[in-house]
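Colleague: One file is attached below, coords_2.cif, containing mmCIF, N, CA and C atoms.
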```cif
data_work
loop_
_atom_site.label_atom_id
_atom_site.label_comp_id
_atom_site.auth_asym_id
_atom_site.auth_seq_id
_atom_site.Cartn_x
_atom_site.Cartn_y
_atom_site.Cartn_z
N MET A 1 -163.39 113.89 63.30
CA MET A 1 -162.01 113.48 63.32
C MET A 1 -161.21 114.43 62.43
N THR A 2 -160.18 114.95 62.98
CA THR A 2 -159.36 115.90 62.23
C THR A 2 -158.37 115.12 61.36
N ALA A 3 -157.69 115.84 60.52
CA ALA A 3 -156.72 115.23 59.61
C ALA A 3 -155.58 114.59 60.40
N ASN A 4 -155.16 115.26 61.49
CA ASN A 4 -154.08 114.70 62.32
C ASN A 4 -154.52 113.41 62.99
N GLU A 5 -155.76 113.39 63.50
CA GLU A 5 -156.27 112.19 64.15
C GLU A 5 -156.40 111.04 63.15
N LYS A 6 -156.84 111.39 61.93
CA LYS A 6 -156.97 110.39 60.87
C LYS A 6 -155.60 109.84 60.50
N THR A 7 -154.61 110.70 60.36
CA THR A 7 -153.24 110.29 60.05
C THR A 7 -152.68 109.43 61.17
N LEU A 8 -152.93 109.82 62.41
CA LEU A 8 -152.46 109.05 63.57
C LEU A 8 -153.12 107.69 63.62
N ALA A 9 -154.41 107.61 63.33
CA ALA A 9 -155.12 106.33 63.32
C ALA A 9 -154.57 105.42 62.22
N THR A 10 -154.30 105.99 61.06
CA THR A 10 -153.72 105.22 59.95
C THR A 10 -152.33 104.73 60.34
N PHE A 11 -151.56 105.60 60.98
CA PHE A 11 -150.22 105.24 61.42
C PHE A 11 -150.27 104.09 62.42
N GLU A 12 -151.19 104.16 63.39
CA GLU A 12 -151.34 103.10 64.38
C GLU A 12 -151.72 101.78 63.72
N THR A 13 -152.63 101.85 62.76
CA THR A 13 -153.05 100.65 62.06
C THR A 13 -151.88 100.02 61.30
N ARG A 14 -151.15 100.86 60.58
CA ARG A 14 -149.98 100.37 59.83
C ARG A 14 -148.91 99.81 60.76
N LEU A 15 -148.70 100.48 61.87
CA LEU A 15 -147.71 100.01 62.85
C LEU A 15 -148.12 98.66 63.41
N HIS A 16 -149.41 98.52 63.73
CA HIS A 16 -149.92 97.25 64.24
C HIS A 16 -149.74 96.14 63.19
N GLN A 17 -150.03 96.44 61.92
CA GLN A 17 -149.85 95.48 60.84
C GLN A 17 -148.38 95.09 60.69
N MET A 18 -147.51 96.09 60.81
CA MET A 18 -146.08 95.85 60.70
C MET A 18 -145.59 94.95 61.84
N ILE A 19 -146.09 95.19 63.05
CA ILE A 19 -145.70 94.37 64.20
C ILE A 19 -146.17 92.93 64.00
N LEU A 20 -147.39 92.75 63.53
CA LEU A 20 -147.90 91.40 63.26
C LEU A 20 -147.06 90.70 62.19
N ARG A 21 -146.74 91.43 61.13
CA ARG A 21 -145.91 90.85 60.06
C ARG A 21 -144.53 90.50 60.58
N PHE A 22 -143.96 91.35 61.42
CA PHE A 22 -142.67 91.07 62.02
C PHE A 22 -142.71 89.80 62.84
N GLN A 23 -143.77 89.62 63.64
CA GLN A 23 -143.91 88.42 64.45
C GLN A 23 -144.04 87.17 63.58
N GLU A 24 -144.78 87.28 62.47
CA GLU A 24 -144.91 86.16 61.54
C GLU A 24 -143.55 85.80 60.93
N LEU A 25 -142.83 86.82 60.50
CA LEU A 25 -141.51 86.59 59.90
C LEU A 25 -140.53 86.02 60.91
N LYS A 26 -140.61 86.49 62.14
CA LYS A 26 -139.73 85.98 63.20
C LYS A 26 -140.01 84.50 63.45
N LYS A 27 -141.30 84.14 63.47
CA LYS A 27 -141.68 82.73 63.66
C LYS A 27 -141.20 81.89 62.48
N GLU A 28 -141.40 82.39 61.27
CA GLU A 28 -140.96 81.68 60.08
C GLU A 28 -139.44 81.52 60.08
N ASN A 29 -138.74 82.56 60.48
CA ASN A 29 -137.28 82.51 60.55
C ASN A 29 -136.82 81.43 61.53
N GLY A 30 -137.48 81.36 62.68
CA GLY A 30 -137.15 80.32 63.66
C GLY A 30 -137.37 78.93 63.10
N GLU A 31 -138.49 78.75 62.38
CA GLU A 31 -138.77 77.45 61.77
C GLU A 31 -137.72 77.10 60.72
N LEU A 32 -137.31 78.10 59.95
CA LEU A 32 -136.29 77.86 58.93
C LEU A 32 -134.94 77.50 59.55
N TYR A 33 -134.61 78.14 60.67
CA TYR A 33 -133.37 77.78 61.36
C TYR A 33 -133.42 76.33 61.86
N VAL A 34 -134.57 75.91 62.35
CA VAL A 34 -134.72 74.52 62.81
C VAL A 34 -134.55 73.57 61.63
N MET A 35 -135.18 73.91 60.51
CA MET A 35 -135.05 73.08 59.30
C MET A 35 -133.60 73.03 58.84
N LEU A 36 -132.92 74.16 58.88
CA LEU A 36 -131.53 74.22 58.48
C LEU A 36 -130.66 73.34 59.37
N GLN A 37 -130.89 73.40 60.67
CA GLN A 37 -130.13 72.57 61.59
C GLN A 37 -130.39 71.09 61.33
N ASP A 38 -131.66 70.73 61.06
CA ASP A 38 -131.99 69.34 60.74
C ASP A 38 -131.28 68.89 59.47
N GLN A 39 -131.26 69.75 58.46
CA GLN A 39 -130.59 69.42 57.20
C GLN A 39 -129.09 69.28 57.40
N GLU A 40 -128.50 70.16 58.19
CA GLU A 40 -127.07 70.08 58.46
C GLU A 40 -126.74 68.79 59.21
N LYS A 41 -127.60 68.41 60.13
CA LYS A 41 -127.41 67.16 60.87
C LYS A 41 -127.50 65.97 59.92
N ALA A 42 -128.49 65.99 59.01
CA ALA A 42 -128.64 64.90 58.04
C ALA A 42 -127.43 64.82 57.12
N VAL A 43 -126.93 65.97 56.67
CA VAL A 43 -125.75 65.99 55.80
C VAL A 43 -124.55 65.42 56.54
N LYS A 44 -124.39 65.80 57.80
CA LYS A 44 -123.26 65.31 58.60
C LYS A 44 -123.35 63.79 58.76
N GLU A 45 -124.54 63.28 59.04
CA GLU A 45 -124.72 61.84 59.19
C GLU A 45 -124.43 61.12 57.88
N LEU A 46 -124.90 61.67 56.77
CA LEU A 46 -124.63 61.06 55.47
C LEU A 46 -123.15 61.10 55.12
N GLN A 47 -122.48 62.20 55.47
CA GLN A 47 -121.05 62.30 55.21
C GLN A 47 -120.29 61.25 56.04
N GLU A 48 -120.69 61.07 57.29
CA GLU A 48 -120.06 60.04 58.12
C GLU A 48 -120.31 58.66 57.53
N LYS A 49 -121.52 58.44 57.02
CA LYS A 49 -121.84 57.15 56.40
C LYS A 49 -121.00 56.93 55.15
N VAL A 50 -120.82 57.96 54.34
CA VAL A 50 -119.99 57.86 53.14
C VAL A 50 -118.55 57.55 53.54
N ASN A 51 -118.05 58.24 54.55
CA ASN A 51 -116.68 57.99 55.01
C ASN A 51 -116.52 56.56 55.51
N GLN A 52 -117.52 56.06 56.24
CA GLN A 52 -117.47 54.68 56.74
C GLN A 52 -117.51 53.70 55.58
N GLN A 53 -118.38 53.96 54.60
CA GLN A 53 -118.47 53.09 53.43
C GLN A 53 -117.16 53.08 52.65
N GLN A 54 -116.53 54.24 52.53
CA GLN A 54 -115.25 54.32 51.83
C GLN A 54 -114.18 53.53 52.58
N SER A 55 -114.20 53.65 53.89
CA SER A 55 -113.25 52.89 54.71
C SER A 55 -113.49 51.39 54.57
N ASP A 56 -114.75 50.98 54.60
CA ASP A 56 -115.09 49.56 54.43
C ASP A 56 -114.65 49.06 53.06
N TYR A 57 -114.88 49.88 52.05
CA TYR A 57 -114.50 49.50 50.68
C TYR A 57 -112.99 49.35 50.58
N ASP A 58 -112.24 50.29 51.15
CA ASP A 58 -110.78 50.20 51.11
C ASP A 58 -110.29 48.95 51.83
N SER A 59 -110.90 48.64 52.97
CA SER A 59 -110.52 47.44 53.72
C SER A 59 -110.82 46.18 52.91
N LEU A 60 -111.99 46.15 52.29
CA LEU A 60 -112.36 45.00 51.48
C LEU A 60 -111.43 44.84 50.28
N LYS A 61 -111.09 45.96 49.66
CA LYS A 61 -110.18 45.92 48.52
C LYS A 61 -108.81 45.38 48.95
N MET A 62 -108.33 45.84 50.10
CA MET A 62 -107.04 45.37 50.60
C MET A 62 -107.09 43.88 50.93
N ALA A 63 -108.19 43.46 51.55
CA ALA A 63 -108.33 42.04 51.89
C ALA A 63 -108.38 41.19 50.63
N LYS A 64 -109.07 41.67 49.62
CA LYS A 64 -109.17 40.92 48.36
C LYS A 64 -107.81 40.83 47.69
N MET A 65 -107.04 41.92 47.74
CA MET A 65 -105.70 41.89 47.15
C MET A 65 -104.82 40.90 47.89
N MET A 66 -104.93 40.86 49.21
CA MET A 66 -104.13 39.92 49.99
C MET A 66 -104.56 38.49 49.70
N GLU A 67 -105.85 38.29 49.53
CA GLU A 67 -106.37 36.95 49.23
C GLU A 67 -105.84 36.48 47.88
N ILE A 68 -105.88 37.35 46.91
CA ILE A 68 -105.38 37.00 45.57
C ILE A 68 -103.88 36.73 45.63
N THR A 69 -103.17 37.57 46.35
CA THR A 69 -101.72 37.41 46.45
C THR A 69 -101.36 36.10 47.14
N ASP A 70 -102.02 35.79 48.25
CA ASP A 70 -101.71 34.58 49.00
C ASP A 70 -102.12 33.33 48.24
N GLY A 71 -103.32 33.30 47.74
CA GLY A 71 -103.85 32.09 47.12
C GLY A 71 -103.31 31.84 45.73
N ASN A 72 -103.11 32.84 44.96
CA ASN A 72 -102.73 32.66 43.57
C ASN A 72 -101.24 32.80 43.33
N LEU A 73 -100.47 33.00 44.37
CA LEU A 73 -99.04 33.16 44.20
C LEU A 73 -98.42 31.86 43.67
N GLU A 74 -98.83 30.76 44.25
CA GLU A 74 -98.32 29.46 43.80
C GLU A 74 -98.78 29.18 42.38
N ASP A 75 -100.04 29.50 42.09
CA ASP A 75 -100.56 29.30 40.73
C ASP A 75 -99.80 30.17 39.74
N ALA A 76 -99.54 31.40 40.11
CA ALA A 76 -98.81 32.30 39.23
C ALA A 76 -97.39 31.79 38.99
N LYS A 77 -96.73 31.31 40.04
CA LYS A 77 -95.38 30.76 39.89
C LYS A 77 -95.41 29.55 38.97
N SER A 78 -96.41 28.72 39.16
CA SER A 78 -96.53 27.51 38.34
C SER A 78 -96.75 27.86 36.88
N ARG A 79 -97.65 28.79 36.61
CA ARG A 79 -97.90 29.19 35.22
C ARG A 79 -96.67 29.82 34.60
N LEU A 80 -95.97 30.64 35.38
CA LEU A 80 -94.76 31.28 34.87
C LEU A 80 -93.68 30.24 34.56
N SER A 81 -93.51 29.27 35.42
CA SER A 81 -92.54 28.19 35.18
C SER A 81 -92.90 27.42 33.92
N LYS A 82 -94.18 27.14 33.75
CA LYS A 82 -94.65 26.41 32.56
C LYS A 82 -94.35 27.22 31.30
N LEU A 83 -94.62 28.53 31.35
CA LEU A 83 -94.34 29.38 30.20
C LEU A 83 -92.83 29.44 29.90
N ILE A 84 -92.02 29.51 30.93
CA ILE A 84 -90.56 29.54 30.73
C ILE A 84 -90.09 28.25 30.09
N ARG A 85 -90.61 27.10 30.56
CA ARG A 85 -90.24 25.81 29.96
C ARG A 85 -90.65 25.76 28.49
N GLU A 86 -91.85 26.26 28.21
CA GLU A 86 -92.33 26.26 26.82
C GLU A 86 -91.46 27.15 25.93
N VAL A 87 -91.07 28.33 26.44
CA VAL A 87 -90.19 29.22 25.67
C VAL A 87 -88.85 28.56 25.45
N ASN A 88 -88.32 27.88 26.47
CA ASN A 88 -87.03 27.20 26.34
C ASN A 88 -87.11 26.10 25.29
N ARG A 89 -88.21 25.35 25.25
CA ARG A 89 -88.39 24.31 24.23
C ARG A 89 -88.40 24.92 22.83
N CYS A 90 -89.12 26.05 22.71
CA CYS A 90 -89.17 26.72 21.42
C CYS A 90 -87.77 27.18 20.99
N ILE A 91 -87.00 27.70 21.92
CA ILE A 91 -85.64 28.15 21.63
C ILE A 91 -84.79 26.95 21.20
N ASP A 92 -84.95 25.81 21.92
CA ASP A 92 -84.20 24.60 21.58
C ASP A 92 -84.56 24.12 20.17
N ILE A 93 -85.84 24.14 19.85
CA ILE A 93 -86.30 23.70 18.53
C ILE A 93 -85.71 24.61 17.46
N LEU A 94 -85.75 25.91 17.70
CA LEU A 94 -85.20 26.85 16.72
C LEU A 94 -83.68 26.72 16.60
N SER A 95 -83.02 26.41 17.70
CA SER A 95 -81.56 26.25 17.69
C SER A 95 -81.19 24.99 16.92
N ASP A 96 -81.97 23.92 17.05
CA ASP A 96 -81.70 22.66 16.36
C ASP A 96 -81.88 22.81 14.86
N ASP A 97 -82.83 23.65 14.45
CA ASP A 97 -83.10 23.85 13.03
C ASP A 97 -81.95 24.57 12.34
N GLN A 98 -81.19 25.33 13.05
CA GLN A 98 -80.11 26.11 12.42
C GLN A 98 -78.91 25.27 12.42
#
```
As a first step, turn the structure in this file into structure tokens.
Modeller:
Amino acid sequence: MTANEKTLATFETRLHQMILRFQELKKENGELYVMLQDQEKAVKELQEKVNQQQSDYDSLKMAKMMEITDGNLEDAKSRLSKLIREVNRCIDILSDDQ
């Protein structure tokens, strides 16, 4: 075997190794793309779930505020009237003392 034949044989071997490595990397790249797509899909689903939960929370908060406003409005008016009467009595007492 001459030096040229030896160099050519080495070149063929290296080329074959490079082609095999390229095929391995190509396969790995494809698998990584699939994983990436799965992760992006999971992130999208979780983001939609977060948005839905936020919407549900906002609706619940609004409903609770309406419930408090409707149910406790009479109670609040009653307590306020009672406080006003008490303040007026105190004013009357202080006015009588002078």
Colleague: Just the number, please: distance in Å from atom CA of Lys49 of chain A to atom C of Asn29 of chain A, one decimal.
Modeller: 29.0 Å
Colleague: Quick one: pull the distance between atom C of Lys77 of chain A and atom CA of Met62 of chain A, Å, one decimal.
Modeller: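 Separating atom C of Lys77 of chain A from atom CA of Met62 of chain A is a distance of 22.8 Å.
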Colleague: Distance atom C of Asp58 of chain A-atom CA of Glu45 of chain A, one decimal place?
Modeller: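 Value for the atom C of Asp58 of chain A-atom CA of Glu45 of chain A distance: 20.7 Å.
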Colleague: Could you add whatever atoms are missing so that segment 83-94 of chain A carries all heavy atoms, then write the result as a PDB file, in the frame of the given file?
Modeller:
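Produced file part15.pdb, reproduced below:
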```
ATOM      1  N   LEU A  83     -94.620  28.530  31.350  1.00  0.00           N
ATOM      2  CA  LEU A  83     -94.340  29.380  30.200  1.00  0.00           C
ATOM      3  C   LEU A  83     -92.830  29.440  29.900  1.00  0.00           C
ATOM      4  O   LEU A  83     -92.422  29.410  28.730  1.00  0.00           O
ATOM      5  CB  LEU A  83     -94.886  30.791  30.434  1.00  0.00           C
ATOM      6  CG  LEU A  83     -96.403  30.943  30.376  1.00  0.00           C
ATOM      7  CD1 LEU A  83     -96.803  32.347  30.839  1.00  0.00           C
ATOM      8  CD2 LEU A  83     -96.922  30.680  28.988  1.00  0.00           C
ATOM      9  N   ILE A  84     -92.020  29.510  30.930  1.00  0.00           N
ATOM     10  CA  ILE A  84     -90.560  29.540  30.730  1.00  0.00           C
ATOM     11  C   ILE A  84     -90.090  28.250  30.090  1.00  0.00           C
ATOM     12  O   ILE A  84     -89.276  28.264  29.148  1.00  0.00           O
ATOM     13  CB  ILE A  84     -89.834  29.801  32.072  1.00  0.00           C
ATOM     14  CG1 ILE A  84     -90.088  31.247  32.517  1.00  0.00           C
ATOM     15  CG2 ILE A  84     -88.331  29.532  31.935  1.00  0.00           C
ATOM     16  CD1 ILE A  84     -89.571  31.559  33.909  1.00  0.00           C
ATOM     17  N   ARG A  85     -90.610  27.100  30.560  1.00  0.00           N
ATOM     18  CA  ARG A  85     -90.240  25.810  29.960  1.00  0.00           C
ATOM     19  C   ARG A  85     -90.650  25.760  28.490  1.00  0.00           C
ATOM     20  O   ARG A  85     -89.896  25.299  27.631  1.00  0.00           O
ATOM     21  CB  ARG A  85     -90.888  24.655  30.724  1.00  0.00           C
ATOM     22  CG  ARG A  85     -90.223  24.341  32.047  1.00  0.00           C
ATOM     23  CD  ARG A  85     -90.685  23.012  32.613  1.00  0.00           C
ATOM     24  NE  ARG A  85     -92.127  22.962  32.858  1.00  0.00           N
ATOM     25  CZ  ARG A  85     -92.736  23.343  33.979  1.00  0.00           C
ATOM     26  NH1 ARG A  85     -92.001  23.803  34.983  1.00  0.00           N
ATOM     27  NH2 ARG A  85     -94.034  23.262  34.108  1.00  0.00           N
ATOM     28  N   GLU A  86     -91.850  26.260  28.210  1.00  0.00           N
ATOM     29  CA  GLU A  86     -92.330  26.260  26.820  1.00  0.00           C
ATOM     30  C   GLU A  86     -91.460  27.150  25.930  1.00  0.00           C
ATOM     31  O   GLU A  86     -91.123  26.780  24.805  1.00  0.00           O
ATOM     32  CB  GLU A  86     -93.791  26.726  26.780  1.00  0.00           C
ATOM     33  CG  GLU A  86     -94.459  26.508  25.449  1.00  0.00           C
ATOM     34  CD  GLU A  86     -95.941  26.821  25.503  1.00  0.00           C
ATOM     35  OE1 GLU A  86     -96.580  26.556  26.527  1.00  0.00           O
ATOM     36  OE2 GLU A  86     -96.430  27.337  24.486  1.00  0.00           O
ATOM     37  N   VAL A  87     -91.070  28.330  26.440  1.00  0.00           N
ATOM     38  CA  VAL A  87     -90.190  29.220  25.670  1.00  0.00           C
ATOM     39  C   VAL A  87     -88.850  28.560  25.450  1.00  0.00           C
ATOM     40  O   VAL A  87     -88.271  28.622  24.347  1.00  0.00           O
ATOM     41  CB  VAL A  87     -90.051  30.587  26.393  1.00  0.00           C
ATOM     42  CG1 VAL A  87     -88.924  31.416  25.791  1.00  0.00           C
ATOM     43  CG2 VAL A  87     -91.357  31.350  26.336  1.00  0.00           C
ATOM     44  N   ASN A  88     -88.320  27.880  26.470  1.00  0.00           N
ATOM     45  CA  ASN A  88     -87.030  27.200  26.340  1.00  0.00           C
ATOM     46  C   ASN A  88     -87.110  26.100  25.290  1.00  0.00           C
ATOM     47  O   ASN A  88     -86.176  25.907  24.503  1.00  0.00           O
ATOM     48  CB  ASN A  88     -86.575  26.631  27.680  1.00  0.00           C
ATOM     49  CG  ASN A  88     -86.043  27.709  28.608  1.00  0.00           C
ATOM     50  OD1 ASN A  88     -85.621  28.766  28.148  1.00  0.00           O
ATOM     51  ND2 ASN A  88     -86.074  27.442  29.906  1.00  0.00           N
ATOM     52  N   ARG A  89     -88.210  25.350  25.250  1.00  0.00           N
ATOM     53  CA  ARG A  89     -88.390  24.310  24.230  1.00  0.00           C
ATOM     54  C   ARG A  89     -88.400  24.920  22.830  1.00  0.00           C
ATOM     55  O   ARG A  89     -87.802  24.389  21.906  1.00  0.00           O
ATOM     56  CB  ARG A  89     -89.699  23.533  24.463  1.00  0.00           C
ATOM     57  CG  ARG A  89     -89.490  22.330  25.357  1.00  0.00           C
ATOM     58  CD  ARG A  89     -90.734  21.500  25.446  1.00  0.00           C
ATOM     59  NE  ARG A  89     -91.511  22.134  26.530  1.00  0.00           N
ATOM     60  CZ  ARG A  89     -92.793  22.006  26.724  1.00  0.00           C
ATOM     61  NH1 ARG A  89     -93.513  21.261  25.953  1.00  0.00           N
ATOM     62  NH2 ARG A  89     -93.389  22.629  27.714  1.00  0.00           N
ATOM     63  N   CYS A  90     -89.120  26.050  22.710  1.00  0.00           N
ATOM     64  CA  CYS A  90     -89.170  26.720  21.420  1.00  0.00           C
ATOM     65  C   CYS A  90     -87.770  27.180  20.990  1.00  0.00           C
ATOM     66  O   CYS A  90     -87.388  27.058  19.813  1.00  0.00           O
ATOM     67  CB  CYS A  90     -90.114  27.909  21.451  1.00  0.00           C
ATOM     68  SG  CYS A  90     -91.845  27.450  21.588  1.00  0.00           S
ATOM     69  N   ILE A  91     -87.000  27.700  21.920  1.00  0.00           N
ATOM     70  CA  ILE A  91     -85.640  28.150  21.630  1.00  0.00           C
ATOM     71  C   ILE A  91     -84.790  26.950  21.200  1.00  0.00           C
ATOM     72  O   ILE A  91     -84.004  27.023  20.244  1.00  0.00           O
ATOM     73  CB  ILE A  91     -85.017  28.869  22.842  1.00  0.00           C
ATOM     74  CG1 ILE A  91     -85.715  30.220  23.052  1.00  0.00           C
ATOM     75  CG2 ILE A  91     -83.513  29.072  22.644  1.00  0.00           C
ATOM     76  CD1 ILE A  91     -85.312  30.941  24.320  1.00  0.00           C
ATOM     77  N   ASP A  92     -84.950  25.810  21.920  1.00  0.00           N
ATOM     78  CA  ASP A  92     -84.200  24.600  21.580  1.00  0.00           C
ATOM     79  C   ASP A  92     -84.560  24.120  20.170  1.00  0.00           C
ATOM     80  O   ASP A  92     -83.672  23.743  19.383  1.00  0.00           O
ATOM     81  CB  ASP A  92     -84.474  23.476  22.586  1.00  0.00           C
ATOM     82  CG  ASP A  92     -83.796  23.736  23.923  1.00  0.00           C
ATOM     83  OD1 ASP A  92     -82.850  24.555  23.950  1.00  0.00           O
ATOM     84  OD2 ASP A  92     -84.222  23.115  24.917  1.00  0.00           O
ATOM     85  N   ILE A  93     -85.840  24.140  19.850  1.00  0.00           N
ATOM     86  CA  ILE A  93     -86.300  23.700  18.530  1.00  0.00           C
ATOM     87  C   ILE A  93     -85.710  24.610  17.460  1.00  0.00           C
ATOM     88  O   ILE A  93     -85.203  24.143  16.418  1.00  0.00           O
ATOM     89  CB  ILE A  93     -87.841  23.665  18.454  1.00  0.00           C
ATOM     90  CG1 ILE A  93     -88.350  22.540  19.333  1.00  0.00           C
ATOM     91  CG2 ILE A  93     -88.314  23.477  17.024  1.00  0.00           C
ATOM     92  CD1 ILE A  93     -89.867  22.526  19.495  1.00  0.00           C
ATOM     93  N   LEU A  94     -85.750  25.910  17.700  1.00  0.00           N
ATOM     94  CA  LEU A  94     -85.200  26.850  16.720  1.00  0.00           C
ATOM     95  C   LEU A  94     -83.680  26.720  16.600  1.00  0.00           C
ATOM     96  O   LEU A  94     -83.121  26.850  15.513  1.00  0.00           O
ATOM     97  CB  LEU A  94     -85.562  28.295  17.092  1.00  0.00           C
ATOM     98  CG  LEU A  94     -87.025  28.696  16.917  1.00  0.00           C
ATOM     99  CD1 LEU A  94     -87.256  30.079  17.498  1.00  0.00           C
ATOM    100  CD2 LEU A  94     -87.421  28.670  15.449  1.00  0.00           C
TER     101      LEU A  94
END
```
